file data05.pdb (PDB, C-alpha atoms)
ATOM      1  CA  MET W1205       0.000   0.000   0.000
ATOM      2  CA  ALA W1206       1.342   3.420  -0.924
ATOM      3  CA  ARG W1207       0.913   6.631   0.950
ATOM      4  CA  VAL W1208       0.137   9.953  -0.671
ATOM      5  CA  VAL W1209       0.450  13.084   1.427
ATOM      6  CA  VAL W1210      -1.549  16.225   0.764
ATOM      7  CA  ASP W1211      -0.373  19.366   2.539
ATOM      8  CA  VAL W1212      -2.818  22.261   2.701
ATOM      9  CA  MET W1213      -1.567  25.753   3.545
ATOM     10  CA  LEU W1214      -3.249  29.144   3.657
ATOM     11  CA  LYS W1215      -2.154  31.184   0.645
ATOM     12  CA  PRO W1216       0.772  33.504   1.408
ATOM     13  CA  GLU W1217      -1.403  36.618   1.116
ATOM     14  CA  ILE W1218      -4.012  35.288   3.574
ATOM     15  CA  LEU W1219      -3.623  36.309   7.204
ATOM     16  CA  ASP W1220      -2.940  33.334   9.491
ATOM     17  CA  PRO W1221      -3.877  34.418  13.030
ATOM     18  CA  GLN W1222      -3.227  30.941  14.448
ATOM     19  CA  GLY W1223       0.304  30.871  13.032
ATOM     20  CA  GLN W1224       0.862  34.366  14.420
ATOM     21  CA  ALA W1225      -0.306  33.291  17.867
ATOM     22  CA  VAL W1226       2.143  30.365  17.808
ATOM     23  CA  GLN W1227       4.954  32.628  16.667
ATOM     24  CA  ARG W1228       4.254  35.156  19.424
ATOM     25  CA  ALA W1229       4.341  32.420  22.057
ATOM     26  CA  LEU W1230       7.803  31.179  21.044
ATOM     27  CA  PRO W1231      10.080  33.797  22.676
ATOM     28  CA  ARG W1232       8.244  33.392  25.971
ATOM     29  CA  LEU W1233       9.034  29.668  25.826
ATOM     30  CA  GLY W1234      12.697  30.348  25.117
ATOM     31  CA  PHE W1235      12.628  29.555  21.383
ATOM     32  CA  LYS W1236      14.427  32.429  19.692
ATOM     33  CA  GLY W1237      15.011  33.351  16.096
ATOM     34  CA  ILE W1238      11.738  32.271  14.463
ATOM     35  CA  ALA W1239      10.640  35.133  12.226
ATOM     36  CA  ASP W1240       7.323  33.709  11.042
ATOM     37  CA  VAL W1241       5.017  30.702  11.548
ATOM     38  CA  ARG W1242       2.314  29.498   9.158
ATOM     39  CA  GLN W1243      -0.014  26.738  10.295
ATOM     40  CA  GLY W1244      -1.446  24.197   7.859
ATOM     41  CA  LYS W1245      -3.016  20.762   7.547
ATOM     42  CA  ARG W1246      -1.507  17.450   6.483
ATOM     43  CA  PHE W1247      -3.589  14.587   5.065
ATOM     44  CA  GLU W1248      -2.073  11.096   4.796
ATOM     45  CA  LEU W1249      -3.925   8.996   2.238
ATOM     46  CA  GLU W1250      -3.335   5.232   2.166
ATOM     47  CA  VAL W1251      -4.022   4.271  -1.428
ATOM     48  CA  ASP W1252      -5.368   0.892  -2.493
ATOM     49  CA  GLY W1253      -3.576  -0.259  -5.646
ATOM     50  CA  PRO W1254      -0.921   1.510  -7.671
ATOM     51  CA  VAL W1255      -0.313   5.225  -7.430
ATOM     52  CA  ASP W1256      -0.320   5.834 -11.161
ATOM     53  CA  ASP W1257      -1.195   8.950 -13.122
ATOM     54  CA  ALA W1258      -4.910   8.179 -12.949
ATOM     55  CA  ALA W1259      -4.830   7.737  -9.162
ATOM     56  CA  LEU W1260      -2.835  10.936  -8.731
ATOM     57  CA  ALA W1261      -5.260  12.813 -10.960
ATOM     58  CA  ARG W1262      -8.150  11.693  -8.728
ATOM     59  CA  ILE W1263      -6.257  12.744  -5.589
ATOM     60  CA  HIS W1264      -5.537  16.101  -7.181
ATOM     61  CA  GLU W1265      -9.250  16.503  -7.885
ATOM     62  CA  MET W1266     -10.078  15.461  -4.303
ATOM     63  CA  ALA W1267      -7.660  18.022  -2.899
ATOM     64  CA  GLU W1268      -8.958  20.772  -5.144
ATOM     65  CA  THR W1269     -12.661  20.212  -4.474
ATOM     66  CA  PHE W1270     -12.649  19.040  -0.864
ATOM     67  CA  LEU W1271      -9.432  18.918   1.157
ATOM     68  CA  ALA W1272      -8.523  22.513   0.316
ATOM     69  CA  ASN W1273     -10.638  25.595  -0.227
ATOM     70  CA  THR W1274      -8.716  27.100  -3.124
ATOM     71  CA  VAL W1275     -10.190  30.527  -2.451
ATOM     72  CA  ILE W1276      -7.888  30.777   0.572
ATOM     73  CA  GLU W1277      -5.620  27.704   0.499
ATOM     74  CA  ASP W1278      -2.927  26.086  -1.654
ATOM     75  CA  PHE W1279      -2.294  22.349  -1.675
ATOM     76  CA  PHE W1280       0.709  20.169  -2.428
ATOM     77  CA  VAL W1281       0.543  16.467  -3.314
ATOM     78  CA  LYS W1282       3.507  14.147  -2.786
ATOM     79  CA  VAL W1283       3.907  10.371  -3.013
ATOM     80  CA  GLU W1284       5.799   8.686  -0.191
ATOM     81  CA  GLU W1285       7.967   5.609  -0.791
ATOM     82  CA  GLU W1286       6.097   2.327  -0.886
ATOM     83  CA  LYS W1287       6.914   0.226   2.183
TER      84      LYS W1287
ATOM     85  CA  MET H1488     -52.055  29.881   1.732
ATOM     86  CA  THR H1489     -48.828  30.971   3.287
ATOM     87  CA  ALA H1490     -45.261  30.373   2.185
ATOM     88  CA  ARG H1491     -43.354  27.241   3.147
ATOM     89  CA  ILE H1492     -39.803  27.938   4.295
ATOM     90  CA  GLY H1493     -37.428  25.020   4.784
ATOM     91  CA  VAL H1494     -34.927  25.059   7.660
ATOM     92  CA  VAL H1495     -32.044  22.621   7.221
ATOM     93  CA  ALA H1496     -30.515  20.715  10.121
ATOM     94  CA  PHE H1497     -27.073  19.131   9.788
ATOM     95  CA  PRO H1498     -25.506  17.167  12.636
ATOM     96  CA  GLY H1499     -24.164  19.944  14.844
ATOM     97  CA  THR H1500     -26.636  22.619  13.757
ATOM     98  CA  LEU H1501     -27.699  24.745  16.752
ATOM     99  CA  ASP H1502     -30.110  27.388  15.578
ATOM    100  CA  ASP H1503     -32.664  25.448  13.545
ATOM    101  CA  ARG H1504     -35.348  25.705  16.229
ATOM    102  CA  ASP H1505     -34.904  29.464  16.663
ATOM    103  CA  THR H1506     -34.964  29.844  12.898
ATOM    104  CA  GLN H1507     -38.169  27.825  12.592
ATOM    105  CA  ARG H1508     -39.678  30.025  15.266
ATOM    106  CA  ALA H1509     -38.607  33.207  13.472
ATOM    107  CA  VAL H1510     -40.235  31.888  10.292
ATOM    108  CA  ARG H1511     -43.478  31.266  12.184
ATOM    109  CA  VAL H1512     -43.374  34.637  13.977
ATOM    110  CA  ALA H1513     -43.207  36.270  10.542
ATOM    111  CA  GLY H1514     -46.303  34.323   9.522
ATOM    112  CA  ALA H1515     -44.852  31.618   7.287
ATOM    113  CA  GLU H1516     -44.830  27.844   7.687
ATOM    114  CA  ALA H1517     -41.512  26.362   8.844
ATOM    115  CA  VAL H1518     -40.581  23.023   7.267
ATOM    116  CA  PRO H1519     -37.726  21.095   8.922
ATOM    117  CA  LEU H1520     -35.298  19.604   6.380
ATOM    118  CA  TRP H1521     -32.728  16.917   7.199
ATOM    119  CA  HIS H1522     -29.200  16.875   5.786
ATOM    120  CA  ARG H1523     -29.476  13.326   4.486
ATOM    121  CA  ASP H1524     -32.670  14.076   2.589
ATOM    122  CA  LYS H1525     -32.422  15.270  -0.987
ATOM    123  CA  ASP H1526     -36.153  16.006  -0.946
ATOM    124  CA  LEU H1527     -36.841  19.676  -0.226
ATOM    125  CA  LYS H1528     -40.544  18.942   0.405
ATOM    126  CA  GLN H1529     -41.628  21.575  -2.106
ATOM    127  CA  VAL H1530     -40.581  24.511   0.038
ATOM    128  CA  ASP H1531     -40.540  28.002  -1.470
ATOM    129  CA  ALA H1532     -37.286  29.064   0.199
ATOM    130  CA  VAL H1533     -34.555  27.570   2.414
ATOM    131  CA  VAL H1534     -32.645  28.858   5.442
ATOM    132  CA  LEU H1535     -29.313  27.290   6.410
ATOM    133  CA  PRO H1536     -29.057  28.074  10.130
ATOM    134  CA  GLY H1537     -26.082  28.542  12.406
ATOM    135  CA  GLY H1538     -24.182  26.018  14.465
ATOM    136  CA  PHE H1539     -21.206  23.761  13.955
ATOM    137  CA  SER H1540     -22.337  21.383  11.216
ATOM    138  CA  TYR H1541     -20.227  18.219  11.140
ATOM    139  CA  GLY H1542     -18.231  19.692  14.020
ATOM    140  CA  ASP H1543     -16.614  22.217  11.645
ATOM    141  CA  TYR H1544     -14.284  19.333  10.715
ATOM    142  CA  LEU H1545     -11.911  20.136   7.847
ATOM    143  CA  ARG H1546     -13.281  23.700   7.530
ATOM    144  CA  ALA H1547     -16.534  25.293   8.690
ATOM    145  CA  GLY H1548     -19.191  24.270   6.171
ATOM    146  CA  ALA H1549     -16.842  22.125   4.071
ATOM    147  CA  ILE H1550     -18.473  18.759   4.741
ATOM    148  CA  SER H1551     -22.062  20.043   4.874
ATOM    149  CA  ARG H1552     -21.611  21.435   1.400
ATOM    150  CA  PHE H1553     -21.448  17.861   0.022
ATOM    151  CA  SER H1554     -24.479  16.575   1.953
ATOM    152  CA  PRO H1555     -27.480  15.228  -0.012
ATOM    153  CA  VAL H1556     -29.722  18.149   0.973
ATOM    154  CA  MET H1557     -27.183  20.640  -0.362
ATOM    155  CA  GLU H1558     -27.198  18.989  -3.789
ATOM    156  CA  SER H1559     -30.850  20.009  -4.069
ATOM    157  CA  VAL H1560     -30.355  23.399  -2.416
ATOM    158  CA  ILE H1561     -27.491  24.314  -4.775
ATOM    159  CA  GLU H1562     -29.474  23.215  -7.815
ATOM    160  CA  GLN H1563     -32.610  25.108  -6.739
ATOM    161  CA  ALA H1564     -30.681  28.219  -5.670
ATOM    162  CA  LYS H1565     -29.158  28.425  -9.143
ATOM    163  CA  ALA H1566     -32.700  28.215 -10.528
ATOM    164  CA  GLY H1567     -33.759  31.202  -8.401
ATOM    165  CA  MET H1568     -35.059  29.741  -5.126
ATOM    166  CA  PRO H1569     -34.359  32.140  -2.226
ATOM    167  CA  VAL H1570     -31.704  30.839   0.196
ATOM    168  CA  LEU H1571     -30.500  32.548   3.379
ATOM    169  CA  GLY H1572     -27.333  31.348   5.133
ATOM    170  CA  ILE H1573     -26.835  32.542   8.699
ATOM    171  CA  CYS H1574     -23.405  32.157  10.355
ATOM    172  CA  ASN H1575     -22.485  28.517   9.704
ATOM    173  CA  GLY H1576     -25.052  28.659   6.884
ATOM    174  CA  PHE H1577     -23.092  31.545   5.334
ATOM    175  CA  GLN H1578     -19.955  29.402   5.588
ATOM    176  CA  VAL H1579     -21.789  26.574   3.805
ATOM    177  CA  LEU H1580     -22.823  28.981   1.024
ATOM    178  CA  THR H1581     -19.246  30.152   0.418
ATOM    179  CA  GLU H1582     -17.972  26.562   0.490
ATOM    180  CA  SER H1583     -20.707  25.715  -2.048
ATOM    181  CA  HIS H1584     -19.542  28.602  -4.265
ATOM    182  CA  LEU H1585     -23.059  30.013  -4.255
ATOM    183  CA  LEU H1586     -21.435  33.111  -2.741
ATOM    184  CA  PRO H1587     -17.849  34.274  -3.390
ATOM    185  CA  GLY H1588     -15.053  34.516  -0.832
ATOM    186  CA  ALA H1589     -14.341  32.458   2.275
ATOM    187  CA  MET H1590     -14.326  32.588   6.062
ATOM    188  CA  LEU H1591     -11.232  32.619   8.236
ATOM    189  CA  ARG H1592     -10.741  32.359  11.980
ATOM    190  CA  ASN H1593     -11.448  35.722  13.668
ATOM    191  CA  ASN H1594      -8.297  37.852  13.508
ATOM    192  CA  HIS H1595      -8.064  37.972  17.333
ATOM    193  CA  LEU H1596      -8.760  34.190  17.664
ATOM    194  CA  HIS H1597     -11.532  34.648  20.236
ATOM    195  CA  PHE H1598     -15.099  33.442  20.068
ATOM    196  CA  ILE H1599     -17.361  36.494  19.954
ATOM    197  CA  CYS H1600     -20.859  36.663  21.395
ATOM    198  CA  ARG H1601     -22.410  40.105  21.508
ATOM    199  CA  GLU H1602     -24.981  42.470  20.096
ATOM    200  CA  GLN H1603     -23.662  43.880  16.840
ATOM    201  CA  LYS H1604     -24.703  46.970  14.968
ATOM    202  CA  LEU H1605     -24.976  46.572  11.182
ATOM    203  CA  ARG H1606     -25.915  48.684   8.227
ATOM    204  CA  VAL H1607     -28.236  47.057   5.709
ATOM    205  CA  GLU H1608     -26.593  48.168   2.467
ATOM    206  CA  THR H1609     -29.217  46.972   0.009
ATOM    207  CA  ASP H1610     -32.954  46.343  -0.020
ATOM    208  CA  ARG H1611     -32.685  44.669  -3.405
ATOM    209  CA  THR H1612     -32.504  41.079  -2.191
ATOM    210  CA  ALA H1613     -35.208  38.550  -1.402
ATOM    211  CA  TRP H1614     -34.272  38.728   2.288
ATOM    212  CA  THR H1615     -33.848  42.496   2.835
ATOM    213  CA  ALA H1616     -36.755  44.063   0.911
ATOM    214  CA  ASP H1617     -38.467  45.107   4.160
ATOM    215  CA  TYR H1618     -35.468  47.221   5.191
ATOM    216  CA  THR H1619     -34.378  50.453   3.580
ATOM    217  CA  ALA H1620     -30.873  50.734   2.157
ATOM    218  CA  GLY H1621     -28.697  52.404   4.783
ATOM    219  CA  GLN H1622     -30.891  51.302   7.694
ATOM    220  CA  GLU H1623     -29.018  50.461  10.899
ATOM    221  CA  ILE H1624     -30.000  47.358  12.834
ATOM    222  CA  GLN H1625     -28.643  45.543  15.869
ATOM    223  CA  ILE H1626     -28.675  41.743  16.113
ATOM    224  CA  PRO H1627     -26.549  39.117  17.906
ATOM    225  CA  LEU H1628     -23.198  37.972  16.546
ATOM    226  CA  LYS H1629     -21.623  34.724  17.812
ATOM    227  CA  ASN H1630     -18.823  32.891  16.053
ATOM    228  CA  ILE H1631     -15.116  32.174  15.861
ATOM    229  CA  ASP H1632     -14.738  31.714  12.092
ATOM    230  CA  GLY H1633     -16.305  34.994  11.066
ATOM    231  CA  GLN H1634     -13.559  36.819   9.208
ATOM    232  CA  TYR H1635     -14.769  37.357   5.655
ATOM    233  CA  THR H1636     -12.057  37.331   3.030
ATOM    234  CA  ALA H1637     -11.862  37.467  -0.753
ATOM    235  CA  ASP H1638      -9.324  38.753  -3.263
ATOM    236  CA  GLU H1639      -9.319  42.460  -4.161
ATOM    237  CA  ARG H1640     -10.918  41.848  -7.547
ATOM    238  CA  THR H1641     -13.848  39.999  -5.963
ATOM    239  CA  LEU H1642     -14.263  42.693  -3.287
ATOM    240  CA  ASP H1643     -14.280  45.441  -5.926
ATOM    241  CA  MET H1644     -16.837  43.492  -7.946
ATOM    242  CA  LEU H1645     -19.096  43.034  -4.893
ATOM    243  CA  GLU H1646     -18.938  46.766  -4.142
ATOM    244  CA  ALA H1647     -19.511  47.801  -7.756
ATOM    245  CA  GLU H1648     -22.499  45.512  -8.162
ATOM    246  CA  GLY H1649     -24.052  46.542  -4.850
ATOM    247  CA  ARG H1650     -23.667  43.031  -3.462
ATOM    248  CA  VAL H1651     -22.264  43.922  -0.050
ATOM    249  CA  ALA H1652     -25.536  43.401   1.784
ATOM    250  CA  PHE H1653     -24.476  44.164   5.386
ATOM    251  CA  ARG H1654     -21.543  45.990   6.940
ATOM    252  CA  TYR H1655     -20.360  46.031  10.549
ATOM    253  CA  LEU H1656     -20.735  49.369  12.319
ATOM    254  CA  ASP H1657     -19.003  50.726  15.434
ATOM    255  CA  GLY H1658     -15.894  48.592  15.015
ATOM    256  CA  ASN H1659     -14.994  45.556  12.996
ATOM    257  CA  PRO H1660     -15.499  42.507  15.261
ATOM    258  CA  ASN H1661     -13.354  39.965  13.414
ATOM    259  CA  GLY H1662     -11.110  41.493  10.749
ATOM    260  CA  SER H1663     -13.559  40.980   7.882
ATOM    261  CA  LEU H1664     -12.315  42.793   4.803
ATOM    262  CA  ARG H1665     -14.104  46.092   4.144
ATOM    263  CA  ASP H1666     -16.228  45.485   7.269
ATOM    264  CA  ILE H1667     -18.352  42.984   5.321
ATOM    265  CA  ALA H1668     -20.903  41.158   7.479
ATOM    266  CA  GLY H1669     -22.912  39.636   4.632
ATOM    267  CA  ILE H1670     -23.237  39.490   0.870
ATOM    268  CA  THR H1671     -25.702  38.520  -1.839
ATOM    269  CA  ASN H1672     -25.403  36.785  -5.180
ATOM    270  CA  GLU H1673     -26.016  38.656  -8.406
ATOM    271  CA  ALA H1674     -29.708  37.721  -8.607
ATOM    272  CA  GLY H1675     -30.393  38.681  -4.968
ATOM    273  CA  ASN H1676     -31.984  35.331  -4.093
ATOM    274  CA  VAL H1677     -28.979  33.942  -2.179
ATOM    275  CA  VAL H1678     -27.874  35.942   0.879
ATOM    276  CA  GLY H1679     -25.376  35.040   3.593
ATOM    277  CA  LEU H1680     -24.345  36.854   6.768
ATOM    278  CA  MET H1681     -22.523  36.061   9.997
ATOM    279  CA  PRO H1682     -24.836  37.793  12.549
ATOM    280  CA  HIS H1683     -28.093  36.170  13.634
ATOM    281  CA  PRO H1684     -31.405  37.808  12.659
ATOM    282  CA  GLU H1685     -33.354  34.767  13.924
ATOM    283  CA  HIS H1686     -32.321  35.594  17.516
ATOM    284  CA  ALA H1687     -33.892  39.065  17.326
ATOM    285  CA  VAL H1688     -37.514  38.625  16.299
ATOM    286  CA  GLU H1689     -39.465  38.960  19.552
ATOM    287  CA  PRO H1690     -39.425  41.689  22.199
ATOM    288  CA  LEU H1691     -39.588  39.137  25.028
ATOM    289  CA  VAL H1692     -36.270  37.422  24.369
ATOM    290  CA  GLY H1693     -32.732  38.665  23.915
ATOM    291  CA  THR H1694     -32.266  42.388  24.245
ATOM    292  CA  GLY H1695     -35.850  43.105  23.331
ATOM    293  CA  ARG H1696     -35.095  44.241  19.820
ATOM    294  CA  THR H1697     -36.877  42.787  16.805
ATOM    295  CA  ASP H1698     -34.442  44.089  14.194
ATOM    296  CA  GLY H1699     -34.007  40.628  12.673
ATOM    297  CA  LEU H1700     -37.648  40.028  11.888
ATOM    298  CA  GLY H1701     -37.396  41.951   8.603
ATOM    299  CA  PHE H1702     -35.442  39.082   7.002
ATOM    300  CA  PHE H1703     -38.393  36.766   7.472
ATOM    301  CA  THR H1704     -41.145  39.263   6.622
ATOM    302  CA  SER H1705     -39.185  40.238   3.489
ATOM    303  CA  ILE H1706     -39.147  36.704   2.168
ATOM    304  CA  LEU H1707     -42.744  36.054   3.144
ATOM    305  CA  LYS H1708     -43.995  39.122   1.257
ATOM    306  CA  LYS H1709     -41.940  38.212  -1.766
ATOM    307  CA  LEU H1710     -43.266  34.658  -1.848
ATOM    308  CA  VAL H1711     -46.884  35.514  -1.155
ATOM    309  CA  ASN H1712     -46.946  38.302  -3.736
ATOM    310  CA  ALA H1713     -45.167  36.161  -6.313
TER     311      ALA H1713
END

call {"tool": "encode", "arguments": {"input": "data05.pdb", "output": "structure tokens"}}
result
Amino acid sequence: MARVVVDVMLKPEILDPQGQAVQRALPRLGFKGIADVRQGKRFELEVDGPVDDAALARIHEMAETFLANTVIEDFFVKVEEEK
Amino acid sequence: MTARIGVVAFPGTLDDRDTQRAVRVAGAEAVPLWHRDKDLKQVDAVVLPGGFSYGDYLRAGAISRFSPVMESVIEQAKAGMPVLGICNGFQVLTESHLLPGAMLRNNHLHFICREQKLRVETDRTAWTADYTAGQEIQIPLKNIDGQYTADERTLDMLEAEGRVAFRYLDGNPNGSLRDIAGITNEAGNVVGLMPHPEHAVEPLVGTGRTDGLGFFTSILKKLVNA
């Protein structure tokens, strides 16, 4: 079984108040030198069968219509090594 | 015969009962609709009420948008049926692409629950005909994902076409771009807003204001005179 990972991130121009809140908390916790934090979502899809072009096209469609809201978010699809 | 107005309940919807009551207070018949049911029971209009449908999993409104009832609502809305989305219902409408833009977490990250002053910017929608453009109203606001966003081109288009339906007054509660509290589609049959008109329809409850009742009398008049 192969794993495909879909990362969903707010577009760079969209304000990310949750990422900002994390970033502001860092110095207080002793973590210095982090200029910016953006928070996103990671989906791990266990795929039945081969991850061929057709399967990837379907996953792309799934990400575009459902996993991400492309009005505010970008998504990135990557295939992980088959175990 | 009076108008039949459907009120959808998803798992996690909170305000369907208040919305049904608001529909009845205005003089229409409230018809409960269930998310798994594609059948809209021949209603004349639909309200998507507030709450946390499907637990807001993934994104607010993202899973509800693919529910069986929404297939019918989207199809009928495109054919001209009046649809009002309140709070979570507004989020469902943007996720469905019936209205442009999207909702983000409030810019200060806090849940807000308060009375909110709004300006009704247009009376040219199915749900605001009983107000006058420029009228100020005060109704409850309660959400955490209430920050309206869209790209500049979309915002300019909404302004130019008179589709910003409601704007926040006396301070922007959540960072919404251009103080937008609600918008309408081009035809004026689909309207979405974050504040809650259904909680302000009777003098006995809430703060005693009935500023929200106009949404429901607007639609009733439109349907009965149609």

call {"tool": "resolve_selection", "arguments": {"input": "data05.pdb", "expression": "the ChimeraX specification (/W :<10) & /H", "output": "MDAnalysis selection string"}}
result
chainID H and resid 1545:1546 1549:1550 1552:1553 1581:1582 1584 1587:1596 1636:1638 1662

call {"tool": "atom_distance", "arguments": {"input": "data05.pdb", "atom1": "CA of Pro1684 in chain H", "atom2": "CA of Phe1703 in chain H"}}
result
8.8 Å

call {"tool": "closest_residue", "arguments": {"input": "data05.pdb", "among": "W:Lys1282, W:His1264, W:Arg1246, W:Arg1232", "to": "Arg1207 in chain W", "atoms": "all atoms listed in the file"}}
result
W:Lys1282

call {"tool": "atom_distance", "arguments": {"input": "data05.pdb", "atom1": "CA of Glu1516 in chain H", "atom2": "CA of Val1495 in chain H"}}
result
13.8 Å

call {"tool": "resolve_selection", "arguments": {"input": "data05.pdb", "expression": "the PyMOL selection byres ((chain H and resi 1652) around 9)", "output": "MDAnalysis selection string"}}
result
chainID H and resid 1606:1612 1615 1649:1651 1653:1654 1667:1671 1678:1680

call {"tool": "residues_near_point", "arguments": {"input": "data05.pdb", "point": "(-0.6, -1.3, 5.1)", "cutoff": "8 Å", "atoms": "only C-alpha atoms", "output": "CSV table (one decimal) with C-alpha atoms, in the frame of the given file"}}
result
chain,number,residue,atom,x,y,z
W,1205,MET,CA,0.0,0.0,0.0
W,1206,ALA,CA,1.3,3.4,-0.9
W,1250,GLU,CA,-3.3,5.2,2.2

call {"tool": "closest_residue", "arguments": {"input": "data05.pdb", "among": "H:Lys1708, H:Arg1696, H:His1686, H:His1597", "to": "Pro1660 in chain H", "atoms": "only C-alpha atoms"}}
result
H:His1597

call {"tool": "atom_distance", "arguments": {"input": "data05.pdb", "atom1": "CA of Gln1563 in chain H", "atom2": "CA of Leu1586 in chain H"}}
result
14.3 Å

call {"tool": "axis_aligned_box", "arguments": {"input": "data05.pdb", "around": "range 1252-1255 of chain W", "padding_each_side": "6 Å", "output": "lines of an AutoDock Vina configuration file"}}
result
center_x = -2.8
center_y = 2.5
center_z = -5.1
size_x = 17.1
size_y = 17.5
size_z = 17.2

call {"tool": "closest_residue", "arguments": {"input": "data05.pdb", "among": "H:Gly1538, H:Gly1693, H:Gly1701, H:Gly1572", "to": "Ile1631 in chain H", "atoms": "only C-alpha atoms"}}
result
H:Gly1538

call {"tool": "closest_residue", "arguments": {"input": "data05.pdb", "among": "H:Leu1656, H:Leu1642, H:Ile1706, H:Leu1628", "to": "Asn1575 in chain H", "atoms": "all atoms listed in the file"}}
result
H:Leu1628

call {"tool": "resolve_selection", "arguments": {"input": "data05.pdb", "expression": "the PyMOL selection byres ((chain W and resi 1251-1254) around 12)", "output": "list of chain:residue names"}}
result
W:Met1205, W:Ala1206, W:Arg1207, W:Val1208, W:Val1209, W:Glu1248, W:Leu1249, W:Glu1250, W:Val1255, W:Asp1256, W:Asp1257, W:Ala1258, W:Ala1259, W:Leu1260, W:Arg1262, W:Ile1263, W:Val1283, W:Glu1284, W:Glu1285, W:Glu1286

call {"tool": "residues_around", "arguments": {"input": "data05.pdb", "residues": "Ser1554 in chain H", "least_positions_apart": "3", "cutoff": "7 Å", "atoms": "only C-alpha atoms", "output": "count of residues only"}}
result
6
